[in-house]
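Trainee: Next comes structure.pdb, PDB, C-alpha atoms:
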ATOM      1  CA  MET A   1      37.512  11.924-169.133
ATOM      2  CA  GLU A   2      36.736  12.388-165.454
ATOM      3  CA  LEU A   3      34.191  10.099-163.862
ATOM      4  CA  GLU A   4      32.076  13.118-163.001
ATOM      5  CA  ASP A   5      31.991  14.154-166.676
ATOM      6  CA  VAL A   6      31.074  10.615-167.743
ATOM      7  CA  PHE A   7      28.209  10.568-165.286
ATOM      8  CA  ARG A   8      27.080  14.021-166.286
ATOM      9  CA  ALA A   9      26.980  12.946-169.940
ATOM     10  CA  HIS A  10      24.547  10.135-169.064
ATOM     11  CA  GLN A  11      22.640  11.844-166.285
ATOM     12  CA  GLN A  12      19.661  12.861-168.388
ATOM     13  CA  ALA A  13      19.247   9.435-170.013
ATOM     14  CA  VAL A  14      19.442   7.609-166.681
ATOM     15  CA  PHE A  15      16.988  10.030-165.105
ATOM     16  CA  ALA A  16      14.607   9.657-168.079
ATOM     17  CA  TYR A  17      14.847   5.858-167.793
ATOM     18  CA  PHE A  18      13.783   5.979-164.159
ATOM     19  CA  LEU A  19      11.198   8.698-164.705
ATOM     20  CA  ARG A  20       9.432   6.668-167.390
ATOM     21  CA  LEU A  21       9.535   3.510-165.276
ATOM     22  CA  VAL A  22       8.650   4.773-161.822
ATOM     23  CA  GLY A  23       6.458   7.676-162.920
ATOM     24  CA  ASN A  24       7.537  10.362-160.473
ATOM     25  CA  ARG A  25      10.453  12.741-160.353
ATOM     26  CA  GLN A  26      11.305  12.308-156.689
ATOM     27  CA  ASP A  27      11.862   8.552-156.914
ATOM     28  CA  ALA A  28      13.558   8.921-160.297
ATOM     29  CA  GLU A  29      16.008  11.446-158.852
ATOM     30  CA  GLU A  30      16.749   9.263-155.848
ATOM     31  CA  LEU A  31      17.308   6.190-158.047
ATOM     32  CA  THR A  32      19.492   8.130-160.473
ATOM     33  CA  GLN A  33      21.653   9.329-157.619
ATOM     34  CA  GLU A  34      21.899   5.824-156.177
ATOM     35  CA  THR A  35      22.916   4.514-159.618
ATOM     36  CA  PHE A  36      25.842   6.951-159.756
ATOM     37  CA  VAL A  37      26.828   6.162-156.178
ATOM     38  CA  ARG A  38      27.006   2.462-157.070
ATOM     39  CA  ALA A  39      28.793   3.283-160.306
ATOM     40  CA  CYS A  40      31.510   5.123-158.320
ATOM     41  CA  GLY A  41      32.198   1.935-156.394
ATOM     42  CA  ALA A  42      31.981  -0.259-159.489
ATOM     43  CA  ALA A  43      34.106   2.004-161.687
ATOM     44  CA  LEU A  44      37.360   0.341-160.635
ATOM     45  CA  ARG A  45      35.996  -3.039-161.688
ATOM     46  CA  PHE A  46      34.728  -1.803-165.061
ATOM     47  CA  ARG A  47      36.780  -3.645-167.668
ATOM     48  CA  GLY A  48      35.327  -2.013-170.738
ATOM     49  CA  ASN A  49      33.663  -5.180-172.047
ATOM     50  CA  SER A  50      30.592  -3.107-172.840
ATOM     51  CA  SER A  51      30.023   0.569-173.502
ATOM     52  CA  VAL A  52      29.918   2.896-170.509
ATOM     53  CA  ARG A  53      26.266   3.516-171.311
ATOM     54  CA  THR A  54      25.344  -0.178-171.230
ATOM     55  CA  TRP A  55      27.365  -0.621-168.026
ATOM     56  CA  LEU A  56      25.608   2.315-166.362
ATOM     57  CA  PHE A  57      22.166   1.107-167.364
ATOM     58  CA  GLY A  58      23.030  -2.360-166.077
ATOM     59  CA  ILE A  59      23.652  -0.755-162.682
ATOM     60  CA  ALA A  60      20.506   1.361-163.039
ATOM     61  CA  ARG A  61      18.455  -1.743-163.683
ATOM     62  CA  ARG A  62      19.801  -3.478-160.570
ATOM     63  CA  VAL A  63      19.013  -0.376-158.523
ATOM     64  CA  LEU A  64      15.487  -0.411-159.932
ATOM     65  CA  LEU A  65      15.034  -4.106-159.163
ATOM     66  CA  GLU A  66      16.115  -3.584-155.558
ATOM     67  CA  ALA A  67      13.797  -0.608-155.202
ATOM     68  CA  SER A  68      11.016  -2.665-156.723
ATOM     69  CA  ARG A  69      11.587  -5.438-154.187
ATOM     70  CA  ALA A  70      11.511  -2.793-151.457
ATOM     71  CA  GLY A  71       7.992  -1.835-152.586
ATOM     72  CA  LEU A  72       8.652   1.126-154.868
ATOM     73  CA  PHE A  73       5.883   0.192-157.298
ATOM     74  CA  GLU A  74       3.347  -0.283-154.535
ATOM     75  CA  ARG A  75       3.204   3.493-154.291
ATOM     76  CA  ARG A  76       0.899   5.139-156.796
ATOM     77  CA  PRO A  77       2.925   6.633-159.620
ATOM     78  CA  GLU A  78       2.286  10.199-160.598
ATOM     79  CA  LEU A  79       2.136  11.297-164.170
ATOM     80  CA  PRO A  80       5.470  12.816-165.045
ATOM     81  CA  GLU A  81       5.629  16.515-165.524
ATOM     82  CA  ARG A  82       5.920  17.696-169.033
ATOM     83  CA  ALA A  83       9.554  18.505-169.319
ATOM     84  CA  ALA A  84      10.310  19.492-172.832
ATOM     85  CA  PRO A  85       8.854  22.819-173.783
ATOM     86  CA  ALA A  86      10.581  22.564-177.139
ATOM     87  CA  ALA A  87       8.501  19.541-178.143
ATOM     88  CA  PRO A  88       6.755  20.076-181.460
ATOM     89  CA  ASP A  89       3.357  19.020-180.188
ATOM     90  CA  PRO A  90       2.974  19.129-176.402
ATOM     91  CA  ASP A  91      -0.453  17.441-176.453
ATOM     92  CA  GLU A  92       0.817  14.588-178.537
ATOM     93  CA  ARG A  93       3.745  14.163-176.177
ATOM     94  CA  MET A  94       1.436  14.153-173.177
ATOM     95  CA  ASP A  95      -0.747  11.489-174.807
ATOM     96  CA  LEU A  96       2.324   9.401-175.473
ATOM     97  CA  GLU A  97       3.485   9.811-171.863
ATOM     98  CA  ARG A  98       0.069   8.745-170.607
ATOM     99  CA  ALA A  99      -0.020   5.754-172.938
ATOM    100  CA  LEU A 100       3.426   4.653-171.837
ATOM    101  CA  ALA A 101       2.598   5.182-168.157
ATOM    102  CA  SER A 102      -0.504   3.022-168.514
ATOM    103  CA  LEU A 103       1.568  -0.037-169.470
ATOM    104  CA  GLY A 104       3.063  -2.575-167.107
ATOM    105  CA  VAL A 105       6.597  -1.958-165.921
ATOM    106  CA  SER A 106       8.132  -4.790-167.968
ATOM    107  CA  ASP A 107       6.510  -3.418-171.155
ATOM    108  CA  ARG A 108       7.664   0.074-170.281
ATOM    109  CA  GLU A 109      11.179  -1.130-169.640
ATOM    110  CA  VAL A 110      11.731  -2.698-173.060
ATOM    111  CA  LEU A 111      10.145   0.284-174.811
ATOM    112  CA  VAL A 112      12.206   2.778-172.821
ATOM    113  CA  MET A 113      15.396   0.875-173.511
ATOM    114  CA  VAL A 114      14.946   0.461-177.247
ATOM    115  CA  ASP A 115      12.467   3.031-178.535
ATOM    116  CA  MET A 116      13.294   5.847-176.147
ATOM    117  CA  LEU A 117      16.979   5.440-175.284
ATOM    118  CA  GLY A 118      18.027   3.756-178.505
ATOM    119  CA  PHE A 119      19.605   0.571-177.171
ATOM    120  CA  GLU A 120      19.848  -2.322-179.620
ATOM    121  CA  PRO A 121      17.583  -5.253-178.661
ATOM    122  CA  ILE A 122      20.689  -7.386-178.121
ATOM    123  CA  GLU A 123      21.985  -4.870-175.535
ATOM    124  CA  GLY A 124      18.595  -4.695-173.880
ATOM    125  CA  ALA A 125      18.472  -8.496-173.748
ATOM    126  CA  ALA A 126      21.839  -8.578-171.992
ATOM    127  CA  MET A 127      20.706  -6.001-169.433
ATOM    128  CA  VAL A 128      17.383  -7.682-168.769
ATOM    129  CA  GLY A 129      19.023 -11.091-168.691
ATOM    130  CA  VAL A 130      16.995 -12.834-171.403
ATOM    131  CA  THR A 131      17.868 -14.118-174.858
ATOM    132  CA  PRO A 132      17.703 -11.609-177.720
ATOM    133  CA  ASP A 133      14.781 -13.523-179.228
ATOM    134  CA  THR A 134      12.808 -13.357-176.001
ATOM    135  CA  PHE A 135      13.583  -9.674-175.741
ATOM    136  CA  ARG A 136      12.404  -9.048-179.314
ATOM    137  CA  VAL A 137       9.141 -10.854-178.608
ATOM    138  CA  ARG A 138       8.608  -8.769-175.461
ATOM    139  CA  LEU A 139       9.401  -5.631-177.419
ATOM    140  CA  HIS A 140       6.979  -6.565-180.164
ATOM    141  CA  ARG A 141       4.174  -7.174-177.679
ATOM    142  CA  ALA A 142       4.955  -4.012-175.729
ATOM    143  CA  ARG A 143       4.871  -1.952-178.926
ATOM    144  CA  GLY A 144       1.485  -3.408-179.748
ATOM    145  CA  ARG A 145       0.134  -2.572-176.299
ATOM    146  CA  LEU A 146       1.534   0.954-176.477
ATOM    147  CA  ARG A 147      -0.106   1.520-179.843
ATOM    148  CA  GLU A 148      -3.367   0.266-178.419
ATOM    149  CA  ALA A 149      -3.082   2.531-175.369
ATOM    150  CA  TYR A 150      -2.159   5.460-177.581
ATOM    151  CA  GLY A 151      -5.145   4.813-179.781
ATOM    152  CA  ARG A 152      -3.464   4.430-183.122
TER     153      ARG A 152
ATOM    154  CA  MET B   1       3.091  -9.976-192.581
ATOM    155  CA  SER B   2       4.456  -6.478-192.198
ATOM    156  CA  GLU B   3       5.113  -4.854-188.868
ATOM    157  CA  GLN B   4       3.989  -1.318-188.183
ATOM    158  CA  ALA B   5       6.723   1.173-187.398
ATOM    159  CA  PRO B   6       7.120   1.623-183.626
ATOM    160  CA  LEU B   7       5.930   4.843-182.051
ATOM    161  CA  ASP B   8       8.757   7.304-181.732
ATOM    162  CA  LEU B   9       9.482   7.633-178.032
ATOM    163  CA  ARG B  10      12.817   9.395-178.351
ATOM    164  CA  GLY B  11      11.234  12.706-177.438
ATOM    165  CA  LEU B  12      10.256  11.292-174.047
ATOM    166  CA  ALA B  13      13.944  11.019-173.146
ATOM    167  CA  ASP B  14      14.177  14.776-173.367
ATOM    168  CA  VAL B  15      13.396  15.534-169.762
ATOM    169  CA  ASP B  16      14.498  18.247-167.413
ATOM    170  CA  SER B  17      17.031  16.302-165.396
ATOM    171  CA  PRO B  18      18.035  17.456-161.918
ATOM    172  CA  GLU B  19      21.723  17.734-161.017
ATOM    173  CA  VAL B  20      22.482  14.546-159.109
ATOM    174  CA  VAL B  21      26.065  13.732-160.053
ATOM    175  CA  ARG B  22      27.692  15.972-157.472
ATOM    176  CA  ALA B  23      25.317  14.788-154.757
ATOM    177  CA  ALA B  24      26.015  11.171-155.778
ATOM    178  CA  LEU B  25      29.768  11.685-155.495
ATOM    179  CA  ARG B  26      29.303  13.275-152.078
ATOM    180  CA  ARG B  27      27.099  10.395-150.972
ATOM    181  CA  PHE B  28      29.643   7.879-152.279
ATOM    182  CA  ARG B  29      32.484   9.542-150.330
ATOM    183  CA  ARG B  30      30.327   9.620-147.187
ATOM    184  CA  ARG B  31      29.426   5.954-147.652
ATOM    185  CA  ILE B  32      33.072   4.975-148.095
ATOM    186  CA  LEU B  33      34.057   7.013-145.046
ATOM    187  CA  THR B  34      31.287   5.415-142.987
ATOM    188  CA  ARG B  35      32.393   1.974-144.164
ATOM    189  CA  TYR B  36      36.014   2.715-143.221
ATOM    190  CA  VAL B  37      34.913   3.954-139.822
ATOM    191  CA  TRP B  38      32.946   0.742-139.233
ATOM    192  CA  VAL B  39      35.830  -1.418-140.433
ATOM    193  CA  LEU B  40      38.232   0.521-138.226
ATOM    194  CA  LEU B  41      35.851   0.159-135.306
ATOM    195  CA  ALA B  42      35.553  -3.580-135.926
ATOM    196  CA  VAL B  43      39.354  -3.912-136.064
ATOM    197  CA  VAL B  44      39.726  -1.943-132.826
ATOM    198  CA  VAL B  45      37.050  -4.039-131.109
ATOM    199  CA  ALA B  46      38.690  -7.246-132.352
ATOM    200  CA  ALA B  47      42.131  -6.051-131.207
ATOM    201  CA  LEU B  48      40.721  -5.085-127.820
ATOM    202  CA  ALA B  49      39.038  -8.471-127.512
ATOM    203  CA  VAL B  50      42.309 -10.240-128.325
ATOM    204  CA  TRP B  51      44.234  -8.004-125.927
ATOM    205  CA  TRP B  52      41.600  -8.503-123.219
ATOM    206  CA  GLY B  53      41.656 -12.245-123.799
ATOM    207  CA  ARG B  54      45.425 -12.323-123.478
ATOM    208  CA  THR B  55      45.724  -9.945-120.569
ATOM    209  CA  PRO B  56      45.574 -11.874-117.304
ATOM    210  CA  THR B  57      42.844 -10.407-115.166
ATOM    211  CA  THR B  58      42.418 -12.852-112.302
ATOM    212  CA  LEU B  59      45.132 -13.541-109.768
ATOM    213  CA  GLN B  60      45.336 -17.127-110.991
ATOM    214  CA  GLN B  61      45.873 -15.935-114.588
ATOM    215  CA  ARG B  62      48.487 -13.407-113.465
ATOM    216  CA  VAL B  63      50.375 -16.013-111.451
ATOM    217  CA  ASP B  64      50.147 -18.596-114.248
ATOM    218  CA  ALA B  65      51.320 -16.033-116.813
ATOM    219  CA  ALA B  66      54.291 -14.844-114.728
ATOM    220  CA  SER B  67      57.612 -16.610-114.894
ATOM    221  CA  THR B  68      58.635 -18.512-111.828
ATOM    222  CA  ALA B  69      60.815 -16.369-109.557
ATOM    223  CA  ALA B  70      61.617 -18.982-106.948
ATOM    224  CA  SER B  71      61.070 -22.719-106.873
ATOM    225  CA  SER B  72      59.918 -24.657-103.894
ATOM    226  CA  GLU B  73      58.850 -28.218-103.331
ATOM    227  CA  THR B  74      58.117 -27.744 -99.673
ATOM    228  CA  VAL B  75      55.119 -29.619 -98.251
ATOM    229  CA  TRP B  76      53.581 -29.087 -94.804
ATOM    230  CA  HIS B  77      51.163 -31.387 -92.988
ATOM    231  CA  VAL B  78      48.993 -29.822 -90.311
ATOM    232  CA  LYS B  79      46.362 -31.989 -88.656
ATOM    233  CA  GLY B  80      45.136 -33.715 -91.810
ATOM    234  CA  LEU B  81      45.767 -30.770 -94.145
ATOM    235  CA  THR B  82      48.528 -31.055 -96.709
ATOM    236  CA  VAL B  83      49.822 -27.727 -98.011
ATOM    237  CA  ALA B  84      52.381 -27.589-100.812
ATOM    238  CA  LEU B  85      53.978 -24.409-102.138
ATOM    239  CA  ASP B  86      53.958 -24.928-105.894
ATOM    240  CA  ARG B  87      55.160 -21.631-107.375
ATOM    241  CA  VAL B  88      56.430 -18.256-106.271
ATOM    242  CA  VAL B  89      56.266 -15.565-108.939
ATOM    243  CA  ASP B  90      57.231 -11.952-109.218
ATOM    244  CA  LEU B  91      54.178  -9.746-109.908
ATOM    245  CA  GLY B  92      56.111  -6.478-109.887
ATOM    246  CA  GLU B  93      55.382  -4.667-106.625
ATOM    247  CA  THR B  94      53.965  -7.835-105.117
ATOM    248  CA  VAL B  95      54.663 -11.573-105.087
ATOM    249  CA  GLY B  96      52.265 -14.317-106.168
ATOM    250  CA  LEU B  97      52.164 -17.630-104.332
ATOM    251  CA  HIS B  98      50.463 -20.746-105.655
ATOM    252  CA  PHE B  99      49.632 -23.307-102.973
ATOM    253  CA  ILE B 100      48.122 -26.743-103.441
ATOM    254  CA  VAL B 101      45.948 -27.490-100.424
ATOM    255  CA  ILE B 102      44.705 -31.044 -99.968
ATOM    256  CA  PRO B 103      42.435 -31.883 -97.015
ATOM    257  CA  ASP B 104      43.015 -35.415 -95.749
ATOM    258  CA  ASP B 105      39.911 -35.678 -93.553
ATOM    259  CA  ARG B 106      36.725 -33.867 -92.593
ATOM    260  CA  LEU B 107      38.373 -31.703 -89.949
ATOM    261  CA  ALA B 108      41.045 -30.566 -92.341
ATOM    262  CA  ARG B 109      38.388 -29.231 -94.708
ATOM    263  CA  SER B 110      37.755 -26.383 -92.301
ATOM    264  CA  GLY B 111      41.425 -25.379 -92.422
ATOM    265  CA  HIS B 112      42.776 -22.345 -94.231
ATOM    266  CA  ILE B 113      46.021 -20.626 -95.021
ATOM    267  CA  GLU B 114      47.073 -17.010 -95.051
ATOM    268  CA  VAL B 115      50.216 -14.957 -95.267
ATOM    269  CA  ILE B 116      50.958 -11.714 -93.451
ATOM    270  CA  GLY B 117      50.965  -8.887 -95.973
ATOM    271  CA  MET B 118      48.378 -10.635 -98.157
ATOM    272  CA  VAL B 119      46.630  -8.179-100.518
ATOM    273  CA  ALA B 120      44.547 -10.622-102.542
ATOM    274  CA  SER B 121      43.632 -14.272-102.630
ATOM    275  CA  GLU B 122      41.761 -16.620-104.896
ATOM    276  CA  GLY B 123      40.610 -20.182-104.808
ATOM    277  CA  PHE B 124      39.750 -20.597-101.146
ATOM    278  CA  GLY B 125      37.965 -23.901-100.719
ATOM    279  CA  SER B 126      39.557 -25.457-103.783
ATOM    280  CA  TRP B 127      42.821 -27.357-104.010
ATOM    281  CA  ASP B 128      44.541 -24.496-105.787
ATOM    282  CA  GLU B 129      44.943 -21.387-103.680
ATOM    283  CA  TYR B 130      46.568 -18.229-104.989
ATOM    284  CA  LEU B 131      47.830 -15.492-102.679
ATOM    285  CA  GLU B 132      49.264 -12.110-103.551
ATOM    286  CA  VAL B 133      51.475 -10.647-100.871
ATOM    287  CA  GLU B 134      53.511  -7.535-100.386
ATOM    288  CA  PRO B 135      57.086  -8.242 -99.366
ATOM    289  CA  PRO B 136      57.483  -7.179 -95.707
ATOM    290  CA  PRO B 137      59.782  -4.186 -94.990
ATOM    291  CA  THR B 138      62.003  -6.466 -92.920
ATOM    292  CA  GLY B 139      62.308 -10.208 -92.574
ATOM    293  CA  VAL B 140      60.235 -12.674 -94.623
ATOM    294  CA  PRO B 141      56.452 -13.259 -94.844
ATOM    295  CA  ILE B 142      54.991 -15.779 -92.448
ATOM    296  CA  LEU B 143      52.624 -18.458 -93.744
ATOM    297  CA  THR B 144      49.859 -19.316 -91.293
ATOM    298  CA  ILE B 145      48.161 -22.696 -91.636
ATOM    299  CA  GLN B 146      45.155 -23.105 -89.406
ATOM    300  CA  VAL B 147      43.170 -26.310 -88.986
ATOM    301  CA  GLY B 148      40.616 -26.397 -86.178
ATOM    302  CA  ASP B 149      42.283 -25.232 -83.008
ATOM    303  CA  ARG B 150      45.750 -25.835 -84.349
ATOM    304  CA  THR B 151      47.746 -23.050 -85.966
ATOM    305  CA  GLU B 152      51.161 -23.401 -87.522
ATOM    306  CA  ARG B 153      53.296 -20.476 -88.615
ATOM    307  CA  VAL B 154      56.074 -21.025 -91.136
ATOM    308  CA  PRO B 155      58.526 -18.356 -92.330
ATOM    309  CA  LEU B 156      58.805 -18.352 -96.132
ATOM    310  CA  ASP B 157      62.579 -18.419 -96.100
ATOM    311  CA  ALA B 158      65.341 -20.722 -97.290
ATOM    312  CA  ALA B 159      65.195 -22.938 -94.248
ATOM    313  CA  HIS B 160      61.430 -23.478 -94.107
ATOM    314  CA  ALA B 161      60.207 -22.911 -97.668
ATOM    315  CA  GLU B 162      63.275 -23.149 -99.919
ATOM    316  CA  ILE B 163      62.915 -19.449-100.819
ATOM    317  CA  PRO B 164      66.135 -17.475-100.437
ATOM    318  CA  SER B 165      65.615 -14.744 -97.853
ATOM    319  CA  ASP B 166      67.100 -12.095-100.180
ATOM    320  CA  PHE B 167      64.259 -12.851-102.618
ATOM    321  CA  TRP B 168      62.002 -10.647-100.489
ATOM    322  CA  ARG B 169      64.279  -7.612-100.702
TER     323      ARG B 169
END
Using structure tokens, write down the structure that the file contains.

Mentor:
Amino acid sequence: MELEDVFRAHQQAVFAYFLRLVGNRQDAEELTQETFVRACGAALRFRGNSSVRTWLFGIARRVLLEASRAGLFERRPELPERAAPAAPDPDERMDLERALASLGVSDREVLVMVDMLGFEPIEGAAMVGVTPDTFRVRLHRARGRLREAYGR
Amino acid sequence: MSEQAPLDLRGLADVDSPEVVRAALRRFRRRILTRYVWVLLAVVVAALAVWWGRTPTTLQQRVDAASTAASSETVWHVKGLTVALDRVVDLGETVGLHFIVIPDDRLARSGHIEVIGMVASEGFGSWDEYLEVEPPPTGVPILTIQVGDRTERVPLDAAHAEIPSDFWR
């Protein structure tokens, strides 16, 4: 499989990860592109110890951290555009987006990784650089805060 | 204690993603190219610096770097000034001469040396004097040593300076 095809297969997930964390399409697009640029350089060193998806999101997370240090989150995030016309209940989706966007970035990150992108907590823990137990606790708390923000 | 089921966020991953892969590959190639250009530039600059450092630029460096073409241990004394011809080197079209000039007293400090056909000189006032001279069309160059009102002229030939006369041809 060509590198371009591999990237294309994960493009939407990486973009969604950034979109839910930074809150605006422009930054999310820029960060997604930067992730693939870095991945091109890192591809030769990829030994296959993890899945391509985990490897890519590891790079994405480092890109996000660098952008965060450069002041990305000091800009006011916009609410993401509704992007899935096929959603069964657009209002419900919008409420969920708002609830997620109202949380802190560390809460959003664990929720996006596990509940949105489907990573196992153990994979998320490895990417975030904490123990699986710590990650599970963070996830539990983040889920509680999301439920509270969502009003259920 | 039972935990409530987490809210289903999977639908939020279904976003309209822009095409970034091709742009990322282009950016990567550009970045690599830029990096290569910088590395190449750094290598060229380093090579130039090494070459510049090794290339003799002053007359002294050129004379020191050249192999000795003729040896001489001739020493002249003119009114308190001691002049010794240390090295004679071939500089291609011209000839380099390294003199050691030692003033013996105050008067001698005002003395100086020159050679007819001199095109460059370095080190006047110090003990090491370097002269670059063009070989004369005929005969041999004449070294002039002047101290105060006294002037001495010495042909740089086999008899006076241990340099074979055919060296200048």

Trainee: With the PyMOL selection byres ((chain A) within 8 of (chain B)) as the selection, what would be picked from this file? Answer as a PDB file with C-alpha atoms, in the frame of the given file, please.

Mentor:
ATOM      1  CA  GLU A   4      32.076  13.118-163.001  1.00  0.00           C
ATOM      2  CA  PHE A   7      28.209  10.568-165.286  1.00  0.00           C
ATOM      3  CA  ARG A   8      27.080  14.021-166.286  1.00  0.00           C
ATOM      4  CA  GLN A  11      22.640  11.844-166.285  1.00  0.00           C
ATOM      5  CA  GLN A  12      19.661  12.861-168.388  1.00  0.00           C
ATOM      6  CA  ALA A  13      19.247   9.435-170.013  1.00  0.00           C
ATOM      7  CA  PHE A  15      16.988  10.030-165.105  1.00  0.00           C
ATOM      8  CA  ALA A  16      14.607   9.657-168.079  1.00  0.00           C
ATOM      9  CA  TYR A  17      14.847   5.858-167.793  1.00  0.00           C
ATOM     10  CA  GLU A  29      16.008  11.446-158.852  1.00  0.00           C
ATOM     11  CA  THR A  32      19.492   8.130-160.473  1.00  0.00           C
ATOM     12  CA  GLN A  33      21.653   9.329-157.619  1.00  0.00           C
ATOM     13  CA  GLU A  34      21.899   5.824-156.177  1.00  0.00           C
ATOM     14  CA  PHE A  36      25.842   6.951-159.756  1.00  0.00           C
ATOM     15  CA  VAL A  37      26.828   6.162-156.178  1.00  0.00           C
ATOM     16  CA  ARG A  38      27.006   2.462-157.070  1.00  0.00           C
ATOM     17  CA  CYS A  40      31.510   5.123-158.320  1.00  0.00           C
ATOM     18  CA  GLY A  41      32.198   1.935-156.394  1.00  0.00           C
ATOM     19  CA  ARG A  82       5.920  17.696-169.033  1.00  0.00           C
ATOM     20  CA  ALA A  83       9.554  18.505-169.319  1.00  0.00           C
ATOM     21  CA  ALA A  84      10.310  19.492-172.832  1.00  0.00           C
ATOM     22  CA  ALA A  87       8.501  19.541-178.143  1.00  0.00           C
ATOM     23  CA  ARG A  93       3.745  14.163-176.177  1.00  0.00           C
ATOM     24  CA  LEU A  96       2.324   9.401-175.473  1.00  0.00           C
ATOM     25  CA  GLU A  97       3.485   9.811-171.863  1.00  0.00           C
ATOM     26  CA  VAL A 112      12.206   2.778-172.821  1.00  0.00           C
ATOM     27  CA  ASP A 115      12.467   3.031-178.535  1.00  0.00           C
ATOM     28  CA  MET A 116      13.294   5.847-176.147  1.00  0.00           C
ATOM     29  CA  LEU A 117      16.979   5.440-175.284  1.00  0.00           C
ATOM     30  CA  GLY A 118      18.027   3.756-178.505  1.00  0.00           C
ATOM     31  CA  ARG A 143       4.871  -1.952-178.926  1.00  0.00           C
ATOM     32  CA  ARG A 147      -0.106   1.520-179.843  1.00  0.00           C
TER      33      ARG A 147
END

Trainee: How many Å lie between CA of Phe167 in chain B and CA of Ala84 in chain B, rounded to one decimal?

Mentor: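 The value is 19.0 Å.
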
Trainee: Apply the PyMOL selection byres ((chain B and resi 126-128) around 10) to the structure shown and report the selected residues as a ChimeraX atom specification.

Mentor: /B:60,82-84,86,98-103,109,122-125,129-130

Trainee: Run the PyMOL selection byres ((chain A and resi 121) around 10) on the file and write out the hits as a ChimeraX atom specification.

Mentor: /A:110,113-115,118-120,122-127,131-136,139

Trainee: Could you list, as a list of chain:residue names, every residue within 9 Å of Phe18 in chain A, counting all atoms listed in the file and ignoring same-chain residues fewer than 2 positions away?

Mentor: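 After dropping sequence-adjacent residues, the list is A:Ala13, A:Val14, A:Phe15, A:Ala16, A:Arg20, A:Leu21, A:Val22, A:Gly23, A:Asn24, A:Arg25, A:Asp27, A:Ala28, A:Glu29, A:Leu31, A:Thr32, A:Ala60, A:Leu64.
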
Trainee: For a test of reading the model, state the distance in Å between CA of His10 in chain A and CA of Leu56 in chain A, rounded to one decimal.

Mentor: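 It comes out at 8.3 Å.
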
Trainee: Any idea what's packed within 10 Å of Val140 in chain B, counting all atoms listed in the file, ignoring anything in its chain fewer than 2 positions away? Could you give it as number ranges by chain?

Mentor: B: 116, 135-138, 142-143, 154-158, 163-169

Trainee: Taking all listed atoms of range 1-8 of chain A, build the axis-aligned box, pad each of the six sides by 5 Å, then write its centre and edge lengths in Å to one decimal as AutoDock Vina command-line options.

Mentor:
--center_x 32.3 --center_y 12.1 --center_z -166.1 --size_x 20.4 --size_y 14.1 --size_z 16.1

Trainee: Please provide the set of residues having any atom within 10 Å of Ser102 in chain A, restricted to only C-alpha atoms, with same-chain residues fewer than 2 positions apart removed, written as a ChimeraX atom specification.

Mentor: /A:79,96-100,104-105,107-108,145-146,149-150
